[in-house]
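Structure file structure_20.cif; described as mmCIF, C-alpha atoms.
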data_run
#
loop_
_atom_site.label_atom_id
_atom_site.label_comp_id
_atom_site.auth_asym_id
_atom_site.auth_seq_id
_atom_site.Cartn_x
_atom_site.Cartn_y
_atom_site.Cartn_z
CA MET A 1 0.00 0.00 0.00
CA THR A 2 1.46 3.39 -0.89
CA ALA A 3 1.54 6.05 1.76
CA PRO A 4 -0.75 8.93 0.83
CA SER A 5 0.29 12.49 1.54
CA PRO A 6 -0.09 13.41 5.21
CA ASP A 7 -2.81 15.95 4.46
CA ALA A 8 -4.94 13.32 2.81
CA GLN A 9 -4.90 11.38 6.04
CA VAL A 10 -6.67 13.92 8.19
CA PRO A 11 -10.34 13.10 8.23
CA ARG A 12 -12.33 16.27 7.84
CA VAL A 13 -15.70 16.60 9.37
CA LEU A 14 -18.50 17.78 7.15
CA ASP A 15 -20.61 19.47 9.72
CA GLU A 16 -19.60 19.60 13.33
CA THR A 17 -23.02 20.64 14.50
CA GLY A 18 -24.93 18.09 12.45
CA PRO A 19 -27.62 15.92 13.94
CA ALA A 20 -25.61 12.69 14.05
CA ALA A 21 -24.70 11.58 17.53
CA PRO A 22 -21.19 12.12 18.88
CA PRO A 23 -19.39 8.96 20.05
CA ARG A 24 -20.24 9.51 23.69
CA ALA A 25 -23.94 9.51 22.91
CA ASN A 26 -23.61 5.79 22.21
CA GLY A 27 -23.41 5.37 25.95
CA GLU A 28 -19.75 4.55 26.35
CA LEU A 29 -16.46 6.35 26.50
CA VAL A 30 -14.27 5.71 23.51
CA PHE A 31 -11.26 4.90 25.71
CA ASP A 32 -11.32 3.26 29.12
CA HIS A 33 -8.10 4.91 30.28
CA VAL A 34 -6.30 8.10 29.34
CA TRP A 35 -3.18 6.19 28.33
CA GLU A 36 -5.15 4.21 25.73
CA GLY A 37 -6.19 7.39 23.96
CA ARG A 38 -2.64 8.76 24.14
CA LEU A 39 -1.26 5.54 22.70
CA PHE A 40 -3.81 5.59 19.88
CA GLY A 41 -2.82 9.19 19.14
CA VAL A 42 0.91 8.42 19.19
CA THR A 43 0.41 5.47 16.83
CA MET A 44 -1.68 7.43 14.34
CA ALA A 45 0.58 10.49 14.52
CA LEU A 46 3.65 8.35 13.84
CA PHE A 47 1.83 6.56 11.01
CA ARG A 48 1.01 9.91 9.41
CA THR A 49 4.68 10.79 9.23
CA GLY A 50 5.23 7.75 7.02
CA ALA A 51 7.49 6.07 9.59
CA PHE A 52 5.78 2.73 9.03
CA ALA A 53 3.24 1.09 6.76
CA TRP A 54 -0.08 0.27 8.40
CA ASP A 55 0.32 -3.42 7.62
CA GLU A 56 3.58 -3.52 9.57
CA PHE A 57 1.61 -2.54 12.63
CA ARG A 58 -1.40 -4.67 11.82
CA GLU A 59 0.54 -7.90 11.38
CA ARG A 60 2.14 -7.43 14.82
CA LEU A 61 -1.23 -6.62 16.35
CA ILE A 62 -2.70 -9.82 14.89
CA GLU A 63 0.21 -11.79 16.35
CA GLU A 64 -0.15 -10.23 19.78
CA ILE A 65 -3.91 -10.81 19.85
CA GLY A 66 -3.61 -14.37 18.57
CA ASP A 67 -0.89 -15.10 21.09
CA TRP A 68 -3.00 -13.78 23.97
CA GLU A 69 -6.01 -15.78 22.86
CA ARG A 70 -3.98 -19.00 22.76
CA ARG A 71 -2.54 -18.43 26.21
CA HIS A 72 -5.62 -17.22 28.08
CA GLY A 73 -8.82 -19.08 28.72
CA ASP A 74 -12.31 -17.76 28.85
CA GLY A 75 -13.10 -15.55 31.74
CA GLU A 76 -9.86 -13.66 31.71
CA GLU A 77 -10.32 -10.06 30.85
CA TYR A 78 -9.17 -9.12 27.40
CA ARG A 79 -7.78 -5.63 27.10
CA TYR A 80 -7.43 -4.61 23.52
CA TYR A 81 -5.15 -1.64 24.04
CA GLU A 82 -2.68 -3.75 26.02
CA ARG A 83 -2.28 -5.89 22.88
CA TRP A 84 -1.99 -2.68 20.85
CA LEU A 85 0.72 -1.47 23.22
CA ALA A 86 2.69 -4.72 22.87
CA ALA A 87 2.42 -4.54 19.08
CA PHE A 88 3.42 -0.87 18.97
CA GLN A 89 6.41 -1.43 21.23
CA ARG A 90 7.62 -4.23 18.97
CA LEU A 91 7.04 -2.11 15.88
CA VAL A 92 9.10 0.87 17.03
CA THR A 93 11.94 -1.20 18.50
CA GLU A 94 12.13 -3.62 15.55
CA LYS A 95 12.12 -0.74 13.08
CA GLY A 96 14.86 1.05 15.01
CA LEU A 97 12.67 4.06 15.85
CA CYS A 98 13.31 3.51 19.56
CA ARG A 99 16.07 1.41 21.13
CA ALA A 100 15.02 -1.28 23.59
CA GLU A 101 17.65 -0.12 26.10
CA ASP A 102 16.40 3.47 25.92
CA LEU A 103 12.91 2.22 26.61
CA ALA A 104 14.08 0.16 29.58
CA SER A 105 15.95 3.05 31.14
CA ARG A 106 13.06 5.47 30.54
CA LEU A 107 10.71 3.00 32.22
CA ARG A 108 13.00 2.88 35.26
CA GLU A 109 13.07 6.69 35.42
CA LEU A 110 9.31 6.98 35.17
CA ALA A 111 8.74 4.24 37.75
CA ALA A 112 11.10 5.99 40.17
CA ARG A 113 9.02 9.17 40.22
CA PRO A 114 7.46 9.88 43.58
CA ALA A 115 3.84 8.84 43.88
CA GLY A 116 1.34 11.52 42.98
CA HIS A 117 3.85 13.38 40.83
CA ASP A 118 1.27 14.53 38.36
CA HIS A 119 -1.43 15.63 40.75
CA MET B 120 -4.55 6.44 47.98
CA PRO B 121 -3.25 3.90 50.48
CA ASP B 122 -6.36 1.72 50.54
CA GLU B 123 -6.65 1.35 46.77
CA LYS B 124 -6.50 -2.22 45.43
CA PRO B 125 -2.74 -2.64 45.04
CA GLU B 126 -2.51 -5.35 42.32
CA HIS B 127 -4.97 -3.61 40.10
CA HIS B 128 -3.29 -0.30 40.45
CA HIS B 129 0.10 -1.80 39.78
CA GLU B 130 -1.00 -3.69 36.68
CA HIS B 131 -2.73 -0.65 35.34
CA SER B 132 0.13 1.74 35.89
CA GLU B 133 2.64 -0.60 34.25
CA HIS B 134 0.94 -0.21 30.87
CA GLU B 135 0.44 3.44 31.50
CA LEU B 136 4.16 3.88 32.19
CA ARG B 137 5.16 1.89 29.14
CA ALA B 138 2.90 3.96 26.89
CA GLU B 139 4.26 7.15 28.45
CA ALA B 140 7.87 5.97 28.00
CA LEU B 141 7.28 5.30 24.30
CA GLU B 142 5.51 8.62 23.79
CA THR B 143 8.22 10.66 25.48
CA LEU B 144 11.06 8.87 23.65
CA LEU B 145 9.43 9.27 20.22
CA THR B 146 8.59 12.90 20.95
CA GLU B 147 12.10 13.73 22.15
CA LYS B 148 13.55 12.20 19.00
CA GLY B 149 11.29 14.48 16.97
CA LEU B 150 9.51 11.55 15.32
CA VAL B 151 6.12 12.82 16.48
CA THR B 152 4.94 16.07 18.05
CA ALA B 153 2.67 16.50 21.02
CA ASP B 154 0.46 18.77 18.90
CA ALA B 155 -0.06 16.06 16.29
CA ILE B 156 -0.94 13.53 18.98
CA ASP B 157 -3.35 15.90 20.72
CA GLY B 158 -4.99 16.76 17.41
CA ILE B 159 -5.67 13.13 16.54
CA ILE B 160 -7.08 12.31 19.94
CA ARG B 161 -9.39 15.33 19.84
CA LEU B 162 -10.51 14.47 16.33
CA PHE B 163 -11.46 10.93 17.22
CA GLU B 164 -12.87 11.57 20.66
CA GLU B 165 -14.88 14.65 19.87
CA ASP B 166 -15.32 15.24 16.18
CA ILE B 167 -15.69 12.16 14.05
CA GLY B 168 -17.90 9.74 15.89
CA PRO B 169 -20.18 7.91 13.50
CA MET B 170 -21.15 11.24 11.93
CA ASN B 171 -19.30 10.81 8.65
CA GLY B 172 -20.81 7.39 8.09
CA ALA B 173 -24.28 8.70 8.92
CA LYS B 174 -23.96 11.40 6.27
CA VAL B 175 -22.92 8.86 3.69
CA VAL B 176 -25.94 6.70 4.51
CA ALA B 177 -28.36 9.65 4.47
CA ARG B 178 -27.06 10.74 1.08
CA ALA B 179 -27.51 7.24 -0.29
CA TRP B 180 -31.10 7.19 0.99
CA CYS B 181 -31.88 10.43 -0.85
CA ASP B 182 -29.91 10.07 -4.06
CA ASP B 183 -30.18 6.87 -6.10
CA GLY B 184 -27.26 7.87 -8.31
CA PHE B 185 -25.03 8.30 -5.27
CA ARG B 186 -26.25 5.00 -3.86
CA ALA B 187 -25.30 3.19 -7.07
CA ARG B 188 -21.85 4.79 -7.10
CA LEU B 189 -21.39 4.01 -3.40
CA LEU B 190 -22.11 0.32 -3.90
CA ASP B 191 -19.92 0.23 -6.99
CA ASP B 192 -16.85 2.03 -5.57
CA ALA B 193 -17.41 3.34 -2.07
CA THR B 194 -13.97 4.88 -1.64
CA ALA B 195 -14.54 7.08 -4.71
CA ALA B 196 -18.18 7.88 -3.91
CA ILE B 197 -17.34 8.92 -0.33
CA GLY B 198 -14.75 11.25 -1.87
CA GLU B 199 -17.63 13.22 -3.43
CA LEU B 200 -18.88 14.05 0.05
CA ASP B 201 -15.75 15.79 1.27
CA VAL B 202 -15.20 13.19 3.97
CA THR B 203 -11.53 12.37 3.93
CA MET B 204 -10.82 8.93 5.26
CA LEU B 205 -7.91 7.60 7.15
CA PRO B 206 -6.29 5.63 4.38
CA GLU B 207 -5.87 2.34 6.17
CA ALA B 208 -7.77 0.45 3.52
CA PRO B 209 -10.42 0.95 0.87
CA ILE B 210 -14.05 0.74 1.94
CA VAL B 211 -16.74 -1.54 0.60
CA VAL B 212 -20.36 -0.69 1.43
CA VAL B 213 -22.78 -3.62 1.63
CA PRO B 214 -26.52 -2.81 1.47
CA ASN B 215 -29.28 -4.28 3.59
CA GLU B 216 -32.04 -5.17 1.15
CA PRO B 217 -35.29 -7.07 1.34
CA GLY B 218 -34.26 -10.57 2.38
CA VAL B 219 -30.65 -9.70 3.26
CA HIS B 220 -29.05 -8.41 6.45
CA ASN B 221 -25.32 -7.65 6.64
CA VAL B 222 -23.00 -7.53 9.63
CA VAL B 223 -19.32 -6.62 9.83
CA VAL B 224 -16.50 -8.09 11.90
CA CYS B 225 -12.72 -8.33 11.86
CA THR B 226 -11.84 -11.81 13.04
CA LEU B 227 -8.07 -11.36 13.18
CA CYS B 228 -7.73 -8.05 14.97
CA SER B 229 -10.18 -5.17 14.83
CA CYS B 230 -10.01 -3.45 11.44
CA TYR B 231 -12.77 -0.88 11.32
CA PRO B 232 -13.68 2.06 9.09
CA SER B 233 -12.75 4.59 11.76
CA GLY B 234 -12.79 7.54 9.34
CA LEU B 235 -16.52 6.90 8.93
CA LEU B 236 -17.49 5.50 12.32
CA GLY B 237 -14.97 6.91 14.81
CA ILE B 238 -13.25 4.70 17.36
CA SER B 239 -14.57 1.15 17.36
CA PRO B 240 -16.71 0.12 20.34
CA LYS B 241 -15.21 -2.18 22.92
CA TRP B 242 -17.40 -5.17 22.03
CA TYR B 243 -16.23 -5.02 18.39
CA LYS B 244 -12.69 -5.75 19.59
CA ASP B 245 -13.77 -8.45 21.98
CA PRO B 246 -12.65 -12.04 21.19
CA ALA B 247 -16.18 -13.34 21.80
CA TYR B 248 -17.79 -11.09 19.19
CA ARG B 249 -14.98 -11.67 16.70
CA SER B 250 -15.23 -15.44 16.81
CA ARG B 251 -18.92 -15.98 17.52
CA VAL B 252 -20.53 -13.61 15.02
CA VAL B 253 -19.04 -15.69 12.20
CA ARG B 254 -20.29 -19.01 13.62
CA GLU B 255 -23.66 -17.99 14.96
CA PRO B 256 -24.53 -14.49 13.72
CA ARG B 257 -28.26 -14.72 14.44
CA ARG B 258 -27.69 -15.67 18.03
CA VAL B 259 -25.08 -12.96 18.62
CA LEU B 260 -27.30 -10.33 17.01
CA SER B 261 -30.24 -11.49 19.08
CA GLU B 262 -28.17 -11.20 22.26
CA MET B 263 -27.34 -7.66 21.16
CA GLY B 264 -31.04 -6.89 20.82
CA LEU B 265 -31.57 -7.44 17.11
CA ASP B 266 -33.93 -10.30 16.33
CA LEU B 267 -33.97 -11.08 12.63
CA ALA B 268 -36.77 -12.85 10.83
CA PRO B 269 -35.78 -16.46 10.08
CA GLU B 270 -36.27 -15.99 6.35
CA LEU B 271 -33.65 -13.22 6.21
CA GLU B 272 -30.27 -14.23 4.88
CA VAL B 273 -27.48 -13.01 7.17
CA ARG B 274 -24.18 -12.16 5.50
CA VAL B 275 -21.09 -11.72 7.67
CA TRP B 276 -18.24 -9.63 6.23
CA ASP B 277 -14.75 -10.10 7.64
CA SER B 278 -12.62 -6.96 7.37
CA SER B 279 -9.00 -7.30 6.40
CA ALA B 280 -5.88 -5.25 5.76
CA GLU B 281 -7.05 -4.79 2.16
CA LEU B 282 -10.71 -3.98 2.75
CA ARG B 283 -13.04 -2.59 5.34
CA TYR B 284 -16.78 -2.93 5.28
CA MET B 285 -19.63 -0.69 6.23
CA VAL B 286 -23.30 -1.63 6.17
CA LEU B 287 -25.80 0.56 4.34
CA PRO B 288 -28.93 0.07 6.45
CA ALA B 289 -32.34 0.24 4.82
CA ARG B 290 -34.22 3.53 5.11
CA PRO B 291 -36.92 3.14 7.74
CA GLU B 292 -40.57 3.74 7.01
CA GLY B 293 -42.11 6.95 8.23
CA CYS B 294 -39.45 9.46 7.15
CA GLU B 295 -40.36 9.85 3.47
CA ASP B 296 -40.35 13.66 3.55
CA TRP B 297 -37.25 14.10 5.75
CA ASP B 298 -34.21 15.92 4.43
CA GLU B 299 -30.70 14.50 4.45
CA ALA B 300 -29.54 16.21 7.64
CA ARG B 301 -32.55 14.96 9.58
CA LEU B 302 -32.19 11.46 8.16
CA ALA B 303 -28.56 11.33 9.27
CA GLY B 304 -29.84 11.60 12.83
CA LEU B 305 -31.49 8.18 12.44
CA VAL B 306 -28.27 6.45 11.47
CA THR B 307 -26.51 4.97 14.47
CA ARG B 308 -23.00 3.57 14.57
CA ASP B 309 -24.30 0.08 15.27
CA SER B 310 -26.67 0.21 12.30
CA MET B 311 -23.60 0.69 10.07
CA ILE B 312 -21.83 -2.27 11.69
CA GLY B 313 -24.99 -4.31 11.26
CA THR B 314 -25.73 -5.12 14.89
CA ALA B 315 -28.75 -2.80 15.01
CA LEU B 316 -31.25 -1.06 12.75
CA PRO B 317 -31.54 2.73 12.35
CA ARG B 318 -33.61 4.64 14.89
CA ASP B 319 -37.35 4.58 14.51
CA PRO B 320 -38.41 7.92 12.96
CA SER B 321 -41.48 8.09 15.19
CA GLU B 322 -39.24 8.01 18.26
CA ALA B 323 -36.55 10.33 16.94
CA THR B 324 -36.67 14.04 17.60
#
Take the structure I supplied and represent it as structure tokens, if you would.
Amino acid sequence: MTAPSPDAQVPRVLDETGPAAPPRANGELVFDHVWEGRLFGVTMALFRTGAFAWDEFRERLIEEIGDWERRHGDGEEYRYYERWLAAFQRLVTEKGLCRAEDLASRLRELAARPAGHDH
Amino acid sequence: MPDEKPEHHHEHSEHELRAEALETLLTEKGLVTADAIDGIIRLFEEDIGPMNGAKVVARAWCDDGFRARLLDDATAAIGELDVTMLPEAPIVVVPNEPGVHNVVVCTLCSCYPSGLLGISPKWYKDPAYRSRVVREPRRVLSEMGLDLAPELEVRVWDSSAELRYMVLPARPEGCEDWDEARLAGLVTRDSMIGTALPRDPSEAT
């Protein structure tokens, strides 16, 4: 699939005050946690720069989901964006966009922050 | 809070931290900007919703020429409406017609026409929906509140990297003189996935 120009990838909205219901009117939030929305945004923003082809992400996502489904029985809670996170982490490290050791040391730094740092 | 459930909080914050670590590293390297990320989140959370898809459906209900073009080449026909799609994959629109009901799934992951329908609902991504709607669509639809007449043929469309599907629901009775904007208000997200029908005009405002 060829990467279209970045501008072509921004969905424009025809009529922001139209009668169709906004997503929240369907009775659910679109993301369960703030980090899920951030992660979605990071993935799409990086995709728009042309840093990866969508299929490169999708094939890893399929692997991560399939792997989870083989390992976990019924009754265990499936969290889609955790699979997305695993796929995205593999994508950016395998493509050399982010080094695994940089990620590990950043995780240690973030985990070492005092509790309640952002409140 | 000290009396919060510790395991849950720990498990939760681990993913949160990992997502934050990736975001900050990619941002610091200049590969993405915080503005671009914020813009996309706002767009999907607040602006798109199923609104673009609803406009496409309402146009098809009012304009037979558009409907024919939509069913023939949806990606091109949607282009006429000034709705620019995320270019993940071309769209195919499948019409509900007398005797036929369509429903969409992505069995392998969760491909979804998000440029038309916004962020996919949680149940669409759920393993149970993804596997069961293929095997027993009538039962799954019935559990979701849509009981289909036994004589209706149910067609299940599995999205893929190459193609995404959207259902064109049938125009309900009782809205013959409505204009396009008002009709769009009848078109719910789920009616374009195929797990529901459009709103009843007599109950819509």
For this session: Could you tell me which residues the PyMOL selection byres ((chain B and resi 293) around 12) returns for this structure, as a list in words?
Result: Arg290, Pro291, Glu292, Cys294, Glu295, Asp296, Trp297, Leu302, Leu305, Arg318, Asp319, Pro320, Ser321, Glu322 and Ala323 of chain B
Could the residues of region 153-247 of chain B that have an atom at most 12 Å from region 81-100 of chain A be listed as CSV, each with its closest atom pair and the distance in Å to one decimal, counting all atoms listed in the file and ordered by chain and ascending residue number?
residue,atom,partner,partner_atom,distance
B:Cys228,CA,A:Trp84,CA,9.8
B:Ser229,CA,A:Trp84,CA,10.5
B:Ser239,CA,A:Tyr81,CA,11.9
B:Lys241,CA,A:Tyr81,CA,10.1
B:Lys244,CA,A:Tyr81,CA,9.7
B:Asp245,CA,A:Tyr81,CA,11.2
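The closest residue to chain A, picked from B:Asp298, B:Asp157, B:Glu272, B:Asp191 and counting only C-alpha atoms, is B:Asp157.
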For this session: Give me the residues within 9 Å of region 307-312 of chain B as a ChimeraX atom specification, counting all atoms listed in the file and dropping any in the same chain fewer than 3 places off.
Result: /A:20-21,23,26 /B:168-170,172-173,176,221-224,236-237,284-288,303-304,315-318
Can you spell out as a PDB file with C-alpha atoms, keeping the file's coordinate frame the set of residues that the PyMOL selection byres ((chain B and resi 155) around 12) selects in the structure I just provided?
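Once written, expr08.pdb looks like this:
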ATOM      1  CA  PRO A   6      -0.090  13.410   5.210  1.00  0.00           C
ATOM      2  CA  VAL A  10      -6.670  13.920   8.190  1.00  0.00           C
ATOM      3  CA  ARG A  38      -2.640   8.760  24.140  1.00  0.00           C
ATOM      4  CA  PHE A  40      -3.810   5.590  19.880  1.00  0.00           C
ATOM      5  CA  GLY A  41      -2.820   9.190  19.140  1.00  0.00           C
ATOM      6  CA  VAL A  42       0.910   8.420  19.190  1.00  0.00           C
ATOM      7  CA  THR A  43       0.410   5.470  16.830  1.00  0.00           C
ATOM      8  CA  MET A  44      -1.680   7.430  14.340  1.00  0.00           C
ATOM      9  CA  ALA A  45       0.580  10.490  14.520  1.00  0.00           C
ATOM     10  CA  LEU A  46       3.650   8.350  13.840  1.00  0.00           C
ATOM     11  CA  PHE A  47       1.830   6.560  11.010  1.00  0.00           C
ATOM     12  CA  ARG A  48       1.010   9.910   9.410  1.00  0.00           C
ATOM     13  CA  THR A  49       4.680  10.790   9.230  1.00  0.00           C
TER      14      THR A  49
ATOM     15  CA  GLU B 142       5.510   8.620  23.790  1.00  0.00           C
ATOM     16  CA  THR B 146       8.590  12.900  20.950  1.00  0.00           C
ATOM     17  CA  GLY B 149      11.290  14.480  16.970  1.00  0.00           C
ATOM     18  CA  LEU B 150       9.510  11.550  15.320  1.00  0.00           C
ATOM     19  CA  VAL B 151       6.120  12.820  16.480  1.00  0.00           C
ATOM     20  CA  THR B 152       4.940  16.070  18.050  1.00  0.00           C
ATOM     21  CA  ALA B 153       2.670  16.500  21.020  1.00  0.00           C
ATOM     22  CA  ASP B 154       0.460  18.770  18.900  1.00  0.00           C
ATOM     23  CA  ILE B 156      -0.940  13.530  18.980  1.00  0.00           C
ATOM     24  CA  ASP B 157      -3.350  15.900  20.720  1.00  0.00           C
ATOM     25  CA  GLY B 158      -4.990  16.760  17.410  1.00  0.00           C
ATOM     26  CA  ILE B 159      -5.670  13.130  16.540  1.00  0.00           C
ATOM     27  CA  ILE B 160      -7.080  12.310  19.940  1.00  0.00           C
ATOM     28  CA  ARG B 161      -9.390  15.330  19.840  1.00  0.00           C
ATOM     29  CA  LEU B 162     -10.510  14.470  16.330  1.00  0.00           C
TER      30      LEU B 162
END
Exercise. Mind pulling up the distance from CA of Asp32 (chain A) to CA of Pro114 (chain A)?
Worked result: 24.6 Å
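The residues caught by the PyMOL selection byres ((chain B and resi 273) around 7) in this file are Val219, His220, Asn221, Leu271, Glu272, Arg274 and Val275 of chain B.
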Exercise. Which of these, B:Ala195, B:Ala289, B:Ile210, B:Ile238, has the shortest distance to chain A once you count only C-alpha atoms?
Worked result: B:Ile238
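Of the listed residues (B:Ser132, B:Thr143, B:Thr194, B:Thr226), B:Thr226 comes nearest to Ile65 (chain A); the distances count all atoms listed in the file.
If you look at CA of Leu227 (chain B) and CA of Arg258 (chain B), they are 20.7 Å away from each other.
Here CA of Cys230 (chain B) stands at a distance of 17.2 Å from CA of Asn171 (chain B).
Of the listed residues B:Leu189, B:Leu200, B:Ala208, B:Cys225, the one whose atoms come nearest to Val252 (chain B) is B:Cys225, with distances taken using all atoms listed in the file.
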Exercise. Leaving out Ala196 (chain B) and any residue of its chain fewer than 4 positions from it, which residues lie within 12 Å of it when counting all atoms listed in the file, given as a ChimeraX atom specification?
Worked result: /B:175-176,178-179,182,184-192,200-204,209-212
For this session: Within 10 Å of (-28.6, -13.3, 16.0) (coordinates as in the file), grab all the protein and nucleic acid residues, counting all atoms listed in the file, and write them out as a ChimeraX atom specification.
Result: /B:252,255-269,273,314
Those residues you just picked out, can you put them in a file as a CSV table (one decimal), keeping the file's coordinate frame with C-alpha atoms?
chain,number,residue,atom,x,y,z
B,252,VAL,CA,-20.5,-13.6,15.0
B,255,GLU,CA,-23.7,-18.0,15.0
B,256,PRO,CA,-24.5,-14.5,13.7
B,257,ARG,CA,-28.3,-14.7,14.4
B,258,ARG,CA,-27.7,-15.7,18.0
B,259,VAL,CA,-25.1,-13.0,18.6
B,260,LEU,CA,-27.3,-10.3,17.0
B,261,SER,CA,-30.2,-11.5,19.1
B,262,GLU,CA,-28.2,-11.2,22.3
B,263,MET,CA,-27.3,-7.7,21.2
B,264,GLY,CA,-31.0,-6.9,20.8
B,265,LEU,CA,-31.6,-7.4,17.1
B,266,ASP,CA,-33.9,-10.3,16.3
B,267,LEU,CA,-34.0,-11.1,12.6
B,268,ALA,CA,-36.8,-12.8,10.8
B,269,PRO,CA,-35.8,-16.5,10.1
B,273,VAL,CA,-27.5,-13.0,7.2
B,314,THR,CA,-25.7,-5.1,14.9
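Remark: for chain A, the closest of the candidate residues B:Ala193, B:Val213, B:Cys181, B:Leu282 is B:Leu282 (distances computed over all atoms listed in the file).
Closest to chain A among B:Tyr231, B:Ala300, B:Gly218, B:Ile197 is B:Ala300, based on all atoms listed in the file.
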